[in-house]
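Data from my_file.cif: mmCIF, C-alpha atoms
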```
data_protein
loop_
_atom_site.label_atom_id
_atom_site.label_comp_id
_atom_site.auth_asym_id
_atom_site.auth_seq_id
_atom_site.Cartn_x
_atom_site.Cartn_y
_atom_site.Cartn_z
CA MET A 1 4.26 -0.70 -1.81
CA ILE A 2 4.02 0.24 1.87
CA ILE A 3 0.85 -0.20 3.93
CA LYS A 4 0.61 1.83 7.13
CA GLU A 5 -2.03 1.59 9.88
CA LEU A 6 -4.67 0.37 7.44
CA THR A 7 -8.17 0.15 8.94
CA LYS A 8 -11.50 -0.85 7.43
CA LYS A 9 -14.76 -1.07 9.36
CA TYR A 10 -18.18 -2.50 8.56
CA ASP A 11 -21.07 -1.45 10.80
CA GLY A 12 -18.54 0.11 13.15
CA LYS A 13 -16.60 -3.15 13.57
CA PRO A 14 -13.01 -3.26 12.26
CA VAL A 15 -12.42 -6.11 9.81
CA VAL A 16 -8.93 -4.75 9.13
CA ASP A 17 -7.39 -3.22 12.23
CA SER A 18 -4.28 -0.97 12.04
CA VAL A 19 -2.43 -3.21 9.59
CA SER A 20 1.09 -2.22 8.52
CA PHE A 21 3.50 -4.11 6.24
CA GLU A 22 5.62 -3.69 3.14
CA ILE A 23 5.20 -5.75 -0.02
CA PRO A 24 8.64 -7.11 -1.04
CA LYS A 25 9.40 -6.07 -4.61
CA GLY A 26 9.96 -8.83 -7.17
CA LYS A 27 8.78 -11.56 -4.78
CA VAL A 28 5.67 -13.67 -4.17
CA LEU A 29 3.80 -12.73 -0.99
CA SER A 30 0.87 -14.84 0.21
CA LEU A 31 -1.80 -13.58 2.60
CA ILE A 32 -3.13 -16.45 4.72
CA GLY A 33 -5.36 -16.89 7.75
CA PRO A 34 -8.75 -18.26 8.84
CA ASN A 35 -12.00 -17.25 7.16
CA GLY A 36 -12.95 -13.70 8.07
CA ALA A 37 -9.39 -12.77 9.06
CA GLY A 38 -9.34 -9.77 6.69
CA LYS A 39 -7.14 -11.11 3.87
CA SER A 40 -9.41 -10.29 0.93
CA THR A 41 -10.40 -6.94 2.45
CA VAL A 42 -6.73 -5.96 2.66
CA MET A 43 -6.29 -7.04 -0.96
CA GLY A 44 -9.31 -4.98 -1.98
CA VAL A 45 -8.05 -1.89 -0.19
CA ILE A 46 -4.51 -2.01 -1.55
CA SER A 47 -5.89 -2.45 -5.09
CA ARG A 48 -8.31 0.47 -4.55
CA LEU A 49 -11.40 -1.69 -5.06
CA ILE A 50 -12.44 -1.05 -1.45
CA ALA A 51 -12.25 2.35 0.24
CA ARG A 52 -10.21 2.41 3.43
CA ASP A 53 -11.37 4.16 6.57
CA GLU A 54 -7.93 5.02 7.91
CA GLY A 55 -4.27 4.56 7.08
CA LEU A 56 -2.04 4.90 4.04
CA VAL A 57 -1.22 2.82 0.99
CA ASP A 58 2.02 4.26 -0.37
CA PHE A 59 2.51 3.18 -3.97
CA GLU A 60 5.78 4.34 -5.51
CA GLY A 61 6.01 7.33 -3.18
CA GLN A 62 2.41 8.50 -3.55
CA ASP A 63 -0.87 7.64 -1.82
CA ILE A 64 -2.56 5.14 -4.11
CA SER A 65 -5.79 7.17 -4.01
CA ARG A 66 -4.03 9.97 -5.89
CA TRP A 67 -3.08 7.84 -8.88
CA LYS A 68 -5.13 8.31 -12.04
CA ARG A 69 -7.00 5.11 -12.84
CA LYS A 70 -5.44 4.62 -16.27
CA GLU A 71 -1.90 5.14 -15.00
CA LEU A 72 -2.45 2.84 -12.02
CA ALA A 73 -3.77 0.14 -14.37
CA LYS A 74 -0.40 0.19 -16.14
CA LYS A 75 1.33 -0.53 -12.83
CA LEU A 76 -1.03 -2.81 -10.92
CA ALA A 77 -3.43 -5.57 -11.99
CA ILE A 78 -5.89 -7.44 -9.79
CA LEU A 79 -7.87 -10.61 -10.34
CA THR A 80 -10.70 -11.03 -7.83
CA GLN A 81 -12.57 -14.18 -6.80
CA THR A 82 -15.64 -13.22 -8.86
CA ASN A 83 -14.72 -13.04 -12.54
CA ASN A 84 -17.98 -13.92 -14.22
CA VAL A 85 -18.01 -12.16 -17.58
CA GLN A 86 -21.55 -11.67 -18.82
CA MET A 87 -20.59 -11.04 -22.45
CA LYS A 88 -20.01 -13.86 -24.93
CA LEU A 89 -16.24 -13.57 -25.30
CA THR A 90 -13.54 -15.76 -26.77
CA VAL A 91 -10.31 -16.32 -24.89
CA ARG A 92 -8.53 -13.92 -27.23
CA GLU A 93 -11.15 -11.21 -26.74
CA LEU A 94 -10.89 -11.58 -22.96
CA VAL A 95 -7.09 -11.40 -22.98
CA ALA A 96 -7.30 -8.28 -25.19
CA PHE A 97 -9.03 -6.46 -22.31
CA GLY A 98 -5.64 -6.46 -20.58
CA ARG A 99 -4.42 -3.96 -23.18
CA PHE A 100 -7.23 -1.47 -22.54
CA PRO A 101 -5.15 0.89 -20.31
CA TYR A 102 -2.75 1.31 -23.23
CA SER A 103 -4.95 1.10 -26.32
CA GLY A 104 -8.31 2.34 -25.09
CA GLY A 105 -9.89 -0.42 -27.17
CA ARG A 106 -8.02 0.36 -30.40
CA LEU A 107 -5.44 -2.39 -30.59
CA THR A 108 -2.09 -1.70 -32.21
CA GLU A 109 0.22 -4.27 -33.74
CA GLU A 110 2.30 -4.14 -30.55
CA ASP A 111 -0.85 -4.85 -28.51
CA ARG A 112 -1.64 -7.88 -30.69
CA GLN A 113 1.88 -9.23 -30.25
CA ILE A 114 1.60 -8.86 -26.46
CA ILE A 115 -1.77 -10.64 -26.53
CA ASP A 116 -0.20 -13.47 -28.58
CA ARG A 117 2.61 -13.82 -26.04
CA ALA A 118 0.21 -13.83 -23.08
CA ILE A 119 -1.91 -16.56 -24.67
CA ALA A 120 1.19 -18.61 -25.45
CA TYR A 121 2.62 -18.04 -21.97
CA MET A 122 -0.49 -19.51 -20.37
CA GLU A 123 -0.55 -22.35 -22.95
CA LEU A 124 -3.94 -21.37 -24.37
CA GLU A 125 -3.23 -21.32 -28.12
CA GLU A 126 -5.57 -24.21 -28.88
CA PHE A 127 -8.39 -22.48 -26.98
CA GLU A 128 -7.94 -18.86 -28.08
CA ASN A 129 -11.02 -18.88 -30.33
CA ARG A 130 -13.19 -20.80 -27.88
CA PHE A 131 -15.77 -18.96 -25.81
CA ILE A 132 -14.95 -18.50 -22.13
CA ASP A 133 -18.13 -20.24 -20.98
CA GLU A 134 -17.13 -23.34 -22.95
CA LEU A 135 -13.89 -23.84 -21.00
CA SER A 136 -13.20 -25.93 -17.92
CA GLY A 137 -12.58 -24.15 -14.63
CA GLY A 138 -8.81 -24.52 -14.95
CA GLN A 139 -8.74 -23.30 -18.54
CA ARG A 140 -10.95 -20.34 -17.68
CA GLN A 141 -8.71 -19.34 -14.77
CA ARG A 142 -5.67 -19.51 -17.05
CA ALA A 143 -7.46 -17.21 -19.50
CA TYR A 144 -8.01 -14.63 -16.76
CA ILE A 145 -4.36 -14.87 -15.74
CA ALA A 146 -3.42 -14.39 -19.42
CA MET A 147 -5.45 -11.17 -19.39
CA VAL A 148 -3.41 -10.02 -16.39
CA VAL A 149 -0.17 -10.99 -18.16
CA ALA A 150 -1.26 -8.94 -21.19
CA GLN A 151 -1.87 -5.96 -18.91
CA ASP A 152 1.90 -6.08 -18.32
CA THR A 153 2.01 -4.55 -14.84
CA GLU A 154 4.80 -4.83 -12.31
CA TYR A 155 2.37 -5.71 -9.50
CA VAL A 156 -0.08 -8.61 -9.84
CA LEU A 157 -2.70 -9.17 -7.14
CA LEU A 158 -4.61 -12.46 -7.17
CA ASP A 159 -7.45 -13.19 -4.74
CA GLU A 160 -7.88 -16.97 -4.35
CA PRO A 161 -6.55 -17.95 -7.81
CA THR A 162 -6.97 -21.66 -6.95
CA ASN A 163 -10.58 -21.28 -5.83
CA ASN A 164 -12.86 -24.07 -7.12
CA LEU A 165 -9.98 -25.85 -8.89
CA ASP A 166 -9.09 -29.49 -8.34
CA ILE A 167 -5.61 -30.42 -7.08
CA TYR A 168 -4.16 -30.89 -10.57
CA HIS A 169 -5.36 -27.53 -11.92
CA ALA A 170 -4.67 -25.70 -8.66
CA THR A 171 -1.07 -26.95 -8.61
CA ASN A 172 -0.54 -25.97 -12.24
CA MET A 173 -2.03 -22.56 -11.49
CA MET A 174 0.44 -22.02 -8.64
CA LYS A 175 3.34 -23.07 -10.87
CA MET A 176 2.25 -20.46 -13.42
CA VAL A 177 1.93 -17.83 -10.69
CA ARG A 178 5.46 -18.65 -9.57
CA ARG A 179 6.66 -18.16 -13.15
CA LEU A 180 5.14 -14.66 -13.21
CA CYS A 181 7.66 -13.73 -10.56
CA GLY A 182 10.63 -15.88 -11.54
CA GLU A 183 10.50 -15.43 -15.32
CA LEU A 184 8.67 -12.13 -15.82
CA GLY A 185 9.91 -10.32 -12.71
CA LYS A 186 6.46 -9.49 -11.35
CA THR A 187 5.70 -8.67 -7.73
CA VAL A 188 2.85 -11.06 -6.91
CA VAL A 189 0.47 -10.84 -3.94
CA LEU A 190 -1.90 -13.76 -3.35
CA VAL A 191 -4.77 -14.49 -1.01
CA LEU A 192 -4.71 -18.23 -0.32
CA HIS A 193 -6.61 -20.60 1.92
CA GLU A 194 -4.37 -23.60 1.18
CA ILE A 195 -1.35 -22.89 3.36
CA ASN A 196 0.85 -25.51 1.71
CA TYR A 197 0.50 -23.77 -1.64
CA ALA A 198 1.59 -20.61 0.14
CA ALA A 199 4.54 -22.45 1.66
CA PHE A 200 5.72 -24.10 -1.54
CA TYR A 201 5.31 -21.23 -4.02
CA SER A 202 5.82 -18.06 -1.96
CA ASP A 203 8.85 -16.12 -0.80
CA TYR A 204 7.04 -14.39 2.06
CA ILE A 205 3.86 -15.03 4.04
CA CYS A 206 1.66 -12.56 5.90
CA ALA A 207 -0.76 -14.30 8.28
CA PHE A 208 -3.90 -12.57 9.53
CA VAL A 209 -6.09 -13.26 12.54
CA ASP A 210 -9.13 -11.14 13.42
CA GLY A 211 -8.15 -8.32 11.09
CA LYS A 212 -4.62 -8.00 12.43
CA ILE A 213 -1.25 -9.34 11.30
CA ALA A 214 -0.33 -12.35 13.41
CA LYS A 215 2.94 -13.18 11.64
CA PHE A 216 4.95 -11.75 8.74
CA GLY A 217 8.19 -13.12 7.36
CA THR A 218 9.83 -15.62 5.07
CA VAL A 219 8.14 -18.97 4.51
CA LYS A 220 10.42 -20.70 7.02
CA GLU A 221 9.89 -17.97 9.62
CA VAL A 222 6.10 -18.18 9.46
CA MET A 223 5.56 -21.89 8.73
CA THR A 224 6.34 -23.28 12.16
CA GLN A 225 4.26 -25.61 14.28
CA GLU A 226 3.86 -22.95 16.99
CA ASN A 227 2.87 -20.14 14.59
CA LEU A 228 0.32 -22.17 12.62
CA SER A 229 -1.27 -23.62 15.74
CA GLU A 230 -1.65 -20.10 17.12
CA ILE A 231 -3.08 -18.74 13.84
CA TYR A 232 -5.55 -21.53 13.06
CA GLY A 233 -6.29 -22.97 16.50
CA VAL A 234 -5.51 -26.57 15.53
CA ASN A 235 -2.45 -28.79 15.99
CA PHE A 236 0.16 -28.90 13.23
CA ARG A 237 3.19 -30.98 12.41
CA ILE A 238 5.78 -29.53 10.01
CA GLN A 239 7.55 -31.73 7.47
CA GLU A 240 10.15 -30.55 4.97
CA ILE A 241 9.78 -31.51 1.31
CA GLU A 242 12.34 -30.23 -1.20
CA GLY A 243 13.55 -27.80 1.45
CA LYS A 244 10.07 -26.33 1.98
CA PRO A 245 8.23 -26.58 5.33
CA LEU A 246 4.84 -28.15 4.65
CA ALA A 247 2.10 -28.41 7.27
CA ILE A 248 0.09 -31.45 8.34
CA TYR A 249 -2.75 -30.66 10.71
CA TYR A 250 -4.47 -33.09 13.07
#
```
What would the structure in this file look like if it were written as structure tokens?
Amino acid sequence: MIIKELTKKYDGKPVVDSVSFEIPKGKVLSLIGPNGAGKSTVMGVISRLIARDEGLVDFEGQDISRWKRKELAKKLAILTQTNNVQMKLTVRELVAFGRFPYSGGRLTEEDRQIIDRAIAYMELEEFENRFIDELSGGQRQRAYIAMVVAQDTEYVLLDEPTNNLDIYHATNMMKMVRRLCGELGKTVVLVLHEINYAAFYSDYICAFVDGKIAKFGTVKEVMTQENLSEIYGVNFRIQEIEGKPLAIYY
């Protein structure tokens, strides 16, 4: 996927300003930056949830706006920050929604097998008949990721997947996200506020400031004391753990 000169304005003010980058295929890319930097807006535009004002999102050689919704849903899945399902659904029923682009609601035996695998992959077997609103925050987030796994797309876009999770559940969530790429070969794009999760579990980082790209590159290229201090406006010290540059701010 190639993004060229992407611009989005609200009340005449650009919140995404002439942004251009390419999403590395088969890798994990994290979008980071201060609040209001434009990360989630970029995610919304490239997933077609938000209309762009200018620019191009080239998805497999064609402007993403020209893709039919059903066909795009077989290629790209997105999980937003707000996933409050109003219906009384079990985990299994929620995960089954991931098969809708293929089955149209009439599940085949193949669909059921894929749903079984998605539930098992996210270690939700013991909860599959529980209602979503009865689960903990971490369990519920895993159920939504299982729905995305069942959708079986090459591209997976996750906006703040660790939002409102404690350290234990957030870390497990990031490990599972990493497995989507490493084991299932997905191209994963994340919006993250916690930069050390981005550092430890990503291949590439794209940092935004004021609607523009401040830095783009590998984790080691972006996660430097100078870059982070410039992006966030506070002092950082970089320490390596297991070969990964992790940031301590002060």
Name the residues that the PyMOL selection byres ((chain A and resi 170) around 12) picks from the file above, as a list in words, using the file's chain letters and numbers. Gly137, Gly138, Gln139, Gln141, Arg142, Glu160, Pro161, Thr162, Asn163, Asn164, Leu165, Asp166, Ile167, Tyr168, His169, Thr171, Asn172, Met173, Met174, Lys175, Met176, Val177, Leu192, His193, Glu194, Asn196, Tyr197, Ala198 and Tyr201 of chain A
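Proximity to Lys9 in chain A was assessed for A:Lys88, A:Arg52, A:Arg179, A:Lys68 counting only C-alpha atoms; the smallest distance is recorded for A:Arg52.
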When you look at range 101-115 of chain A with a cut-off of 7 Å (counting only C-alpha atoms), what residues show up, excluding the ones that are within fewer than 4 positions of it in the same chain? I need them as a PyMOL selection string. chain A and resi 70+73-74+95-96+119+150
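Once the PyMOL selection byres ((chain A and resi 210) around 10) is applied to this file, the selection holds Pro14, Val15, Val16, Asp17, Gly33, Pro34, Asn35, Gly36, Ala37, Gly38, Lys39, Phe208, Val209, Gly211, Lys212, Ile213, Ala214 and Ile231 of chain A.
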Translate the PyMOL selection byres ((chain A and resi 54) around 12) into a concrete residue list for this structure, as an MDAnalysis selection string. chainID A and resid 3:9 14 16:20 45 51:53 55:57
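Across the structure, CA of Gly185 in chain A and CA of Met1 in chain A are spaced 15.6 Å apart.
In this structure, CA of Glu22 in chain A sits 29.0 Å away from CA of Met122 in chain A.
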So the first atom is CA of Met87 in chain A and the second is CA of Ile132 in chain A; what is the distance between them in Å, to one decimal place? 9.4 Å
Shortest interatomic distance to Asp203 in chain A - which of A:Leu184, A:Met43, A:Val156, A:Leu29, counting all atoms listed in the file: A:Leu29
Expected residue set, 12 Å radius at (-4.2, -8.3, -9.0), all atoms listed in the file, as an MDAnalysis selection string: chainID A and resid 40 43:49 72:81 98 144:145 147:149 151:161 177 186:191
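Residue neighbourhood of Ala247 in chain A, excluding near-sequence residues (fewer than 2 positions): Ile195, Asn196, Ala199, Met223, Thr224, Gln225, Leu228, Asn235, Phe236, Arg237, Ile238, Gln239, Glu240, Lys244, Pro245, Tyr249 and Tyr250 of chain A, at 10 Å, using all atoms listed in the file.
Between Ser65 in chain A and the residues A:Phe100, A:Ile50, A:Cys206, A:Glu183, the shortest atom-to-atom distance, using only C-alpha atoms, involves A:Ile50.
Nearest-residue note for Ala143 in chain A: choosing from A:Arg117, A:Lys13, A:Arg178, A:Arg92, the minimum distance belongs to A:Arg92, counting only C-alpha atoms.
Closest approach to Asp63 in chain A among A:Glu123, A:Phe97, A:Ile2, A:Ala146 is made by A:Ile2 (distances from all atoms listed in the file).
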How big is the axis-aligned box around the listed atoms of range 175-187 of chain A once 4 Å is added on each side, and where is its centre? Give both in Å to one decimal, as JSON.
```
{"center_x": 6.3, "center_y": -15.9, "center_z": -11.8, "size_x": 16.7, "size_y": 22.4, "size_z": 16.1}
```
